[in-house]
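Take a look at the structure set out below.
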Amino acid sequence: LFYFFPEGRYLTGLDPAFLYFNDKELAHALDFLRTGDISEETIRALMDKVDTSYLFFMNYTITENTKMTLVAQGFSVVYEDDEATIFSF
């Protein structure tokens, strides 16, 4: 996708190292979000930094703790199936 649309904004892709080399703070925040070790402040900072109202996760990359934390912080599940979950804020 990057090669066909390099001017696009991508948080991660085939290799999360690209994000890490571009923005270490954002890479760490996304890793905390994915692993469930995240605070309300980190969620707010992440949402402000990426300027989005949605978070998309493949279910194998997100813990139940992260899902509960997001819901407790005001996110709602707008779509969920066996493979993916989308949250809205």
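As shown in the structure tokens, the chain order sets the letters A, B, ...; within each chain, residues go from 1, and ligands are also counted from 1 in the order they appear.
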For A:Ser76, find every residue with an atom within 6 Å (counting only C-alpha atoms), except residues of its own chain fewer than 4 positions away, and show them as JSON, numbers by chain. {"A": [71, 87, 88]}
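Rounded to one decimal, atom CA of A:Tyr54 and atom CA of A:Tyr20 lie 21.1 Å from each other.
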Between atom CA of A:Ile43 and atom CA of A:Asp81, distance in Å (one decimal):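 Spanning atom CA of A:Ile43 to atom CA of A:Asp81 is a straight-line distance of 23.2 Å.
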Between atom CA of A:Val77 and atom CA of A:Thr52, what is the spacing in Å? 15.0 Å
Any idea what's packed within 12 Å of A:Leu26, counting only C-alpha atoms, ignoring anything in its chain fewer than 5 positions away? Could you give it as an MDAnalysis selection string? chainID A and resid 10:12 16:21 31:33 42:50
Name the residues in contact with A:Phe56 at a cut-off of 8 Å, using only C-alpha atoms, excluding same-chain residues fewer than 6 positions from it; report them as a list in words.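 Residues meeting the cut-off are Ala84, Thr85, Ile86 and Phe87 of chain A.
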